[in-house]
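**Student:** Next up, my_file-v9.csv (CSV, C-alpha atoms and all ligand atoms).
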chain,number,residue,atom,x,y,z
Q,1014,MET,CA,0.3,36.8,29.7
Q,1015,PRO,CA,-2.1,38.5,32.2
Q,1016,ASN,CA,-5.3,39.9,30.7
Q,1017,ALA,CA,-4.4,43.5,31.4
Q,1018,GLU,CA,-1.2,43.1,29.4
Q,1019,LYS,CA,-3.1,41.6,26.4
Q,1020,PHE,CA,-5.7,44.3,26.5
Q,1021,TRP,CA,-3.2,47.1,26.5
Q,1022,ASP,CA,-0.9,45.5,24.0
Q,1023,LYS,CA,-3.8,45.3,21.6
Q,1024,THR,CA,-4.7,49.0,22.3
Q,1025,ALA,CA,-1.2,50.5,22.0
Q,1026,GLU,CA,-1.1,51.5,18.3
Q,1027,ARG,CA,-4.6,53.1,18.5
Q,1028,TYR,CA,-3.7,54.8,21.9
Q,1029,ALA,CA,-0.6,56.3,20.3
Q,1030,LYS,CA,-2.6,57.9,17.6
Q,1031,SER,CA,-5.5,59.2,19.8
Q,1032,PRO,CA,-5.3,62.9,20.4
Q,1033,VAL,CA,-5.3,64.3,24.0
Q,1034,LYS,CA,-9.1,64.8,24.7
Q,1035,ASP,CA,-8.8,68.0,26.8
Q,1036,MET,CA,-5.6,69.9,26.1
Q,1037,ALA,CA,-6.2,72.6,28.8
Q,1038,ALA,CA,-6.6,69.9,31.5
Q,1039,TYR,CA,-3.5,68.1,30.2
Q,1040,GLU,CA,-1.4,71.3,30.2
Q,1041,THR,CA,-2.6,72.0,33.8
Q,1042,THR,CA,-1.6,68.5,34.9
Q,1043,LEU,CA,1.9,69.0,33.3
Q,1044,GLU,CA,2.3,72.4,34.9
Q,1045,ARG,CA,1.3,71.3,38.4
Q,1046,THR,CA,3.5,68.2,38.1
Q,1047,ARG,CA,6.5,70.2,37.0
Q,1048,ALA,CA,6.1,72.3,40.2
Q,1049,TYR,CA,7.2,69.2,42.2
Q,1050,LEU,CA,10.1,68.2,40.1
Q,1051,SER,CA,13.7,69.4,39.9
Q,1052,ALA,CA,16.6,68.9,37.6
Q,1053,GLU,CA,18.4,66.3,39.8
Q,1054,ASP,CA,15.3,64.2,40.5
Q,1055,ASP,CA,15.3,60.4,39.9
Q,1056,VAL,CA,11.7,59.8,38.8
Q,1057,LEU,CA,9.6,56.6,38.3
Q,1058,GLU,CA,6.5,56.7,36.1
Q,1059,ILE,CA,4.2,53.7,36.2
Q,1060,GLY,CA,1.7,53.0,33.4
Q,1061,CYS,CA,3.5,55.4,31.2
Q,1062,GLY,CA,1.7,54.3,28.0
Q,1063,THR,CA,3.4,55.5,24.9
Q,1064,GLY,CA,5.6,57.9,26.8
Q,1065,THR,CA,4.1,61.3,25.8
Q,1066,THR,CA,4.0,62.7,29.3
Q,1067,ALA,CA,7.4,61.3,30.4
Q,1068,LEU,CA,9.0,62.9,27.3
Q,1069,LEU,CA,7.4,66.2,28.0
Q,1070,LEU,CA,8.5,66.1,31.6
Q,1071,ALA,CA,12.1,65.0,30.8
Q,1072,ALA,CA,13.5,68.5,30.8
Q,1073,SER,CA,12.1,69.1,34.3
Q,1074,ALA,CA,13.7,66.0,35.9
Q,1075,GLY,CA,17.1,64.3,36.1
Q,1076,ARG,CA,16.2,60.8,34.9
Q,1077,ILE,CA,12.8,59.2,34.3
Q,1078,THR,CA,12.3,55.5,34.4
Q,1079,ALA,CA,9.1,55.1,32.4
Q,1080,THR,CA,7.4,51.7,33.0
Q,1081,ASP,CA,4.3,50.0,31.6
Q,1082,ILE,CA,2.7,46.5,31.7
Q,1083,SER,CA,2.5,46.6,27.8
Q,1084,SER,CA,5.6,45.9,25.8
Q,1085,ASN,CA,3.9,47.4,22.8
Q,1086,MET,CA,3.4,50.7,24.6
Q,1087,ILE,CA,7.1,50.6,25.7
Q,1088,GLU,CA,8.3,50.0,22.1
Q,1089,ILE,CA,6.4,53.1,20.9
Q,1090,GLY,CA,7.8,55.1,23.8
Q,1091,ARG,CA,11.4,54.1,22.9
Q,1092,LYS,CA,10.8,55.0,19.3
Q,1093,LYS,CA,9.4,58.4,20.3
Q,1094,ALA,CA,12.4,59.1,22.6
Q,1095,LYS,CA,14.8,58.3,19.8
Q,1096,ASP,CA,12.9,60.5,17.3
Q,1097,GLN,CA,12.9,63.4,19.8
Q,1098,GLN,CA,16.5,62.7,20.8
Q,1099,VAL,CA,15.6,62.5,24.5
Q,1100,ASP,CA,18.1,60.3,26.3
Q,1101,THR,CA,17.1,60.9,29.9
Q,1102,VAL,CA,14.0,58.7,29.8
Q,1103,ASP,CA,14.5,54.9,30.1
Q,1104,PHE,CA,11.5,53.0,28.9
Q,1105,VAL,CA,11.2,49.7,30.8
Q,1106,HIS,CA,8.6,46.9,30.4
Q,1107,ALA,CA,7.6,46.4,34.0
Q,1108,THR,CA,4.9,46.6,36.6
Q,1109,LEU,CA,5.2,47.7,40.2
Q,1110,ASP,CA,5.9,44.1,41.3
Q,1111,ASP,CA,9.1,44.0,39.3
Q,1112,GLY,CA,12.0,42.9,41.5
Q,1113,ALA,CA,14.4,45.1,39.6
Q,1114,LEU,CA,12.7,48.1,41.4
Q,1115,ASP,CA,13.4,46.6,44.9
Q,1116,SER,CA,16.9,48.2,45.2
Q,1117,ARG,CA,15.7,51.6,43.8
Q,1118,SER,CA,14.3,54.7,45.6
Q,1119,PHE,CA,12.9,57.7,43.9
Q,1120,ASP,CA,12.4,61.4,44.4
Q,1121,ALA,CA,9.0,61.2,42.7
Q,1122,VAL,CA,6.6,58.5,41.4
Q,1123,LEU,CA,4.1,59.4,38.7
Q,1124,ALA,CA,0.9,57.6,37.8
Q,1125,PHE,CA,-1.4,59.3,35.2
Q,1126,ASN,CA,-4.7,57.6,34.3
Q,1127,LEU,CA,-3.6,54.4,36.0
Q,1128,LEU,CA,-4.8,53.9,39.6
Q,1129,HIS,CA,-8.4,53.2,38.7
Q,1130,LEU,CA,-7.0,50.4,36.5
Q,1131,LEU,CA,-5.2,48.6,39.3
Q,1132,PRO,CA,-6.8,45.7,41.1
Q,1133,GLY,CA,-5.4,45.6,44.7
Q,1134,LEU,CA,-5.0,49.4,44.9
Q,1135,PRO,CA,-4.0,49.4,48.6
Q,1136,ALA,CA,-1.1,47.0,48.0
Q,1137,ALA,CA,0.0,49.1,44.9
Q,1138,LEU,CA,0.0,52.3,47.0
Q,1139,SER,CA,2.0,50.7,49.8
Q,1140,ARG,CA,4.6,49.6,47.2
Q,1141,ILE,CA,4.7,53.1,45.8
Q,1142,ASN,CA,5.3,54.5,49.4
Q,1143,GLY,CA,8.1,51.9,49.7
Q,1144,LEU,CA,9.7,53.1,46.4
Q,1145,LEU,CA,9.8,56.8,47.5
Q,1146,LYS,CA,12.6,58.5,49.4
Q,1147,PRO,CA,11.5,60.2,52.6
Q,1148,GLY,CA,10.1,63.6,51.5
Q,1149,GLY,CA,9.5,62.2,48.0
Q,1150,VAL,CA,6.2,62.9,46.1
Q,1151,PHE,CA,3.6,60.7,44.5
Q,1152,VAL,CA,1.8,62.6,41.7
Q,1153,SER,CA,-1.2,60.9,40.2
Q,1154,LYS,CA,-4.3,61.5,38.2
Q,1155,SER,CA,-7.1,59.0,38.3
Q,1156,VAL,CA,-10.6,58.7,36.7
Q,1157,CYS,CA,-13.2,58.5,39.5
Q,1158,LEU,CA,-16.3,57.2,37.7
Q,1159,GLY,CA,-18.0,56.6,41.1
Q,1160,GLU,CA,-18.7,60.4,41.0
Q,1161,LYS,CA,-21.0,59.8,38.0
Q,1162,GLY,CA,-23.5,57.5,39.8
Q,1163,TRP,CA,-24.1,53.8,40.4
Q,1164,LEU,CA,-24.9,53.0,36.8
Q,1165,TRP,CA,-21.3,53.1,35.8
Q,1166,ARG,CA,-20.5,49.9,37.7
Q,1167,PRO,CA,-22.8,47.6,35.6
Q,1168,VAL,CA,-21.8,49.6,32.4
Q,1169,VAL,CA,-18.1,49.0,33.0
Q,1170,GLY,CA,-18.7,45.4,34.1
Q,1171,ALA,CA,-20.6,44.7,30.8
Q,1172,ALA,CA,-17.9,46.4,28.7
Q,1173,ARG,CA,-15.3,44.3,30.4
Q,1174,LEU,CA,-17.2,41.0,29.8
Q,1175,VAL,CA,-17.1,41.6,26.0
Q,1176,GLY,CA,-13.5,42.7,26.0
Q,1177,LEU,CA,-14.1,46.4,25.4
Q,1178,ALA,CA,-12.7,47.6,28.7
Q,1179,PRO,CA,-10.0,46.4,31.1
Q,1180,TYR,CA,-10.5,46.1,34.9
Q,1181,VAL,CA,-11.8,49.5,36.2
Q,1182,ASN,CA,-12.3,50.4,39.8
Q,1183,VAL,CA,-15.4,52.6,39.9
Q,1184,MET,CA,-14.2,54.8,42.8
Q,1185,ARG,CA,-15.4,58.0,44.4
Q,1186,ILE,CA,-12.8,60.8,44.9
Q,1187,ALA,CA,-13.1,60.4,48.7
Q,1188,GLU,CA,-12.3,56.7,48.4
Q,1189,LEU,CA,-9.3,57.3,46.2
Q,1190,GLU,CA,-7.9,59.9,48.6
Q,1191,ALA,CA,-8.5,57.6,51.6
Q,1192,PHE,CA,-6.6,54.8,49.9
Q,1193,ILE,CA,-3.7,57.2,49.3
Q,1194,ALA,CA,-3.7,58.5,52.9
Q,1195,ASP,CA,-4.1,54.9,54.3
Q,1196,ALA,CA,-0.9,54.0,52.5
Q,1197,GLY,CA,1.0,56.5,54.7
Q,1198,LEU,CA,1.2,59.3,52.1
Q,1199,GLU,CA,0.1,62.9,53.0
Q,1200,VAL,CA,-2.0,64.6,50.4
Q,1201,VAL,CA,-0.6,68.1,49.7
Q,1202,GLU,CA,-2.5,69.1,46.6
Q,1203,THR,CA,-5.6,68.1,44.7
Q,1204,GLY,CA,-7.4,69.2,41.5
Q,1205,LEU,CA,-9.9,68.0,38.9
Q,1206,TYR,CA,-8.3,68.1,35.4
Q,1207,PRO,CA,-10.8,67.8,33.7
Q,1208,PRO,CA,-13.9,67.7,35.9
Q,1209,SER,CA,-15.6,65.4,33.4
Q,1210,PRO,CA,-15.0,62.5,33.4
Q,1211,PRO,CA,-13.9,63.3,36.9
Q,1212,SER,CA,-10.1,63.0,36.8
Q,1213,ARG,CA,-8.7,63.6,40.2
Q,1214,PHE,CA,-5.2,65.0,40.4
Q,1215,VAL,CA,-3.5,64.2,43.7
Q,1216,VAL,CA,0.0,65.0,45.0
Q,1217,ALA,CA,1.0,63.2,48.2
Q,1218,ARG,CA,4.2,63.3,50.1
Q,1219,LYS,CA,6.0,60.6,51.9
Q,1220,PRO,CA,6.7,61.9,55.4
I,1301,LIG,C1,-5.2,54.8,30.3
I,1301,LIG,S1,-3.5,54.4,29.9
I,1301,LIG,C2,-2.6,55.8,30.5
I,1301,LIG,C3,-1.3,56.0,29.8
I,1301,LIG,C4,-0.6,57.3,30.2
I,1301,LIG,N1,-0.2,57.3,31.6
I,1301,LIG,C5,-1.5,58.5,29.9
I,1301,LIG,O1,-1.8,59.2,30.8
I,1301,LIG,O2,-1.8,58.7,28.7
I,1301,LIG,C6,-3.1,53.2,31.1
I,1301,LIG,C7,-1.8,52.6,30.9
I,1301,LIG,O3,-1.5,51.8,32.1
I,1301,LIG,C8,-0.9,50.6,31.7
I,1301,LIG,N2,-1.2,49.6,32.7
I,1301,LIG,C9,-2.4,49.0,33.0
I,1301,LIG,N3,-2.3,48.2,34.0
I,1301,LIG,C10,-1.0,48.3,34.5
I,1301,LIG,C11,-0.3,47.7,35.5
I,1301,LIG,N4,-0.8,46.8,36.4
I,1301,LIG,N5,1.0,48.1,35.7
I,1301,LIG,C12,1.6,49.0,34.9
I,1301,LIG,N6,1.0,49.5,33.8
I,1301,LIG,C13,-0.3,49.2,33.6
I,1301,LIG,C14,-1.5,50.3,30.3
I,1301,LIG,O4,-0.7,49.5,29.6
I,1301,LIG,C15,-1.6,51.7,29.7
I,1301,LIG,O5,-0.4,52.1,29.0
What would you get if you wrote out this structure as structure tokens?
**Tutor:**
Amino acid sequence: MPNAEKFWDKTAERYAKSPVKDMAAYETTLERTRAYLSAEDDVLEIGCGTGTTALLLAASAGRITATDISSNMIEIGRKKAKDQQVDTVDFVHATLDDGALDSRSFDAVLAFNLLHLLPGLPAALSRINGLLKPGGVFVSKSVCLGEKGWLWRPVVGAARLVGLAPYVNVMRIAELEAFIADAGLEVVETGLYPPSPPSRFVVARKP
């Protein structure tokens, strides 16, 4: 089992119970995301966690395939979908590399609080581009700790060494947006929800 999977499996129960830290920023993220979805859309979410966001967006999309590297997160998501009687969100234990996605193409791909956790971000973004229909949108929000100064690199490195943090790419906002543009996606909207820690909201369209 890869380290990231172990880390997030261990975290899942606690993650499910932790409240949203900044509700206003979260509501803005949901509202801006809904602006790009429509009732017929086939949507992929990657790194869906325990599914809170997918379930809140379900009424604004056709179907959502909500995926995560952690089977524990996916289990919790499935239970929440059942409790809330939402049957248009499919929770699937998968990463972007999953071959089952090869034959699919989506109107929208969503990645909230995920891109900074992916080693090999350029390859991941190129895969996301490949999974989008022409004209489809990639909606993401990523923590850009590089905006908070150089000290964060050693801090995150030390936390990772003792098992308190997963892999984290300490990026600046400009680096993140350059990665997205280099993958062939056109940035159409950005925001900071919340500004601290700097959480960059980026919507990018596949031409
Ligand atoms: C910080 S949580 C964010 C969860 C949710 N998107 C949210 O905004 O609350 C990061 C999630 O990404 C998942 N994850 C980490 N690395 C991943 C990868 N390589 N592929 C798919 N999911 C991954 C973790 O299991 C975790 O559920």
**Student:** Please return, as a tab-separated table (two decimals) with C-alpha atoms, in the frame of the given file, all polymer residues that have at least one atom within 7 Å of the point (7.1, 57.8, 43.3); use all atoms listed in the file and the file's own coordinate frame.
**Tutor:**
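In the end it all went to selection-v1.tsv:
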chain	number	residue	atom	x	y	z
Q	1056	VAL	CA	11.70	59.80	38.80
Q	1057	LEU	CA	9.60	56.60	38.30
Q	1119	PHE	CA	12.90	57.70	43.90
Q	1120	ASP	CA	12.40	61.40	44.40
Q	1121	ALA	CA	9.00	61.20	42.70
Q	1122	VAL	CA	6.60	58.50	41.40
Q	1123	LEU	CA	4.10	59.40	38.70
Q	1141	ILE	CA	4.70	53.10	45.80
Q	1144	LEU	CA	9.70	53.10	46.40
Q	1145	LEU	CA	9.80	56.80	47.50
Q	1149	GLY	CA	9.50	62.20	48.00
Q	1150	VAL	CA	6.20	62.90	46.10
Q	1151	PHE	CA	3.60	60.70	44.50
**Student:** Skip Q:Glu1199 itself and residues of its chain fewer than 4 positions away, then list as a PyMOL selection string all residues within 7 Å of it, counting only C-alpha atoms.
**Tutor:** chain Q and resi 1194+1217-1219
**Student:** Could you state the separation of atom C9 of ligand LIG 1301 (chain I) and atom CA of Q:Gly1060 in Å, given to one decimal place?
**Tutor:** 5.7 Å
**Student:** Q:Ala1071: which residues within 9 Å, counting all atoms listed in the file, same-chain residues fewer than 4 positions away excluded, as a PyMOL selection string?
**Tutor:** chain Q and resi 1066-1067+1075-1077+1099-1102
**Student:** Residues at most 9 Å from ligand LIG 1301 (chain I), using all atoms listed in the file? Could they come as a ChimeraX atom specification?
**Tutor:** /Q:1017-1022,1024-1025,1028-1029,1033,1058-1067,1080-1087,1106-1110,1123-1128,1130-1132,1137,1154,1179-1180
**Student:** If you measure from atom CA of Q:Val1152 to atom CA of Q:Ile1186, what distance in Å do you get, rounded to one decimal?
**Tutor:** 15.1 Å
**Student:** Between atom CA of Q:Asp1115 and atom CA of Q:Phe1192, what is the distance in Å, rounded to a tenth?
**Tutor:**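 One can read the atom CA of Q:Asp1115 to atom CA of Q:Phe1192 distance as 22.2 Å.
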**Student:** With only C-alpha atoms as the basis for distance, which of Q:Leu1114, Q:Gln1098, Q:Ala1048, Q:Gly1170 is at the shortest distance from Q:Ala1079?
**Tutor:**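 With only C-alpha atoms as the atom set, the closest residue is Q:Leu1114.
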**Student:** Under the rule that all atoms listed in the file are counted, which of Q:Leu1069, Q:Ile1089, Q:Val1200, Q:Val1215 is the nearest residue to Q:Lys1030?
**Tutor:**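 Closest candidate: Q:Ile1089.
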**Student:** Restricting the calculation to all atoms listed in the file: of Q:Lys1023, Q:Lys1146, Q:Lys1034, Q:Arg1140, which residue gets closest to Q:Asp1111?
**Tutor:**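 Closest to Q:Asp1111 of all the choices is Q:Arg1140.
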**Student:** Between Q:Val1169, Q:Leu1138, Q:Leu1043, Q:Cys1157, which is the closest to Q:Arg1213 once you count all atoms listed in the file?
**Tutor:** Q:Cys1157
**Student:** Restricting the calculation to only C-alpha atoms: of Q:Ser1153, Q:Val1183, Q:Leu1205, Q:Ala1052, which residue gets closest to Q:Pro1167?
**Tutor:** Q:Val1183
**Student:** Nearest residue to Q:Ala1191 out of Q:Val1105, Q:Leu1134, Q:Leu1050, Q:Ala1074, using only C-alpha atoms?
**Tutor:** Q:Leu1134
**Student:** Neighbouring residues of Q:Glu1160 were defined as those with any atom within 10 Å, considering all atoms listed in the file; residues of the same chain fewer than 5 positions away were excluded. Please report them as a list in words.
**Tutor:**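 What passes the distance filter is Trp1165, Val1183, Met1184, Arg1185, Ile1186, Ala1187, Ser1209, Pro1210, Pro1211 and Ser1212 of chain Q.
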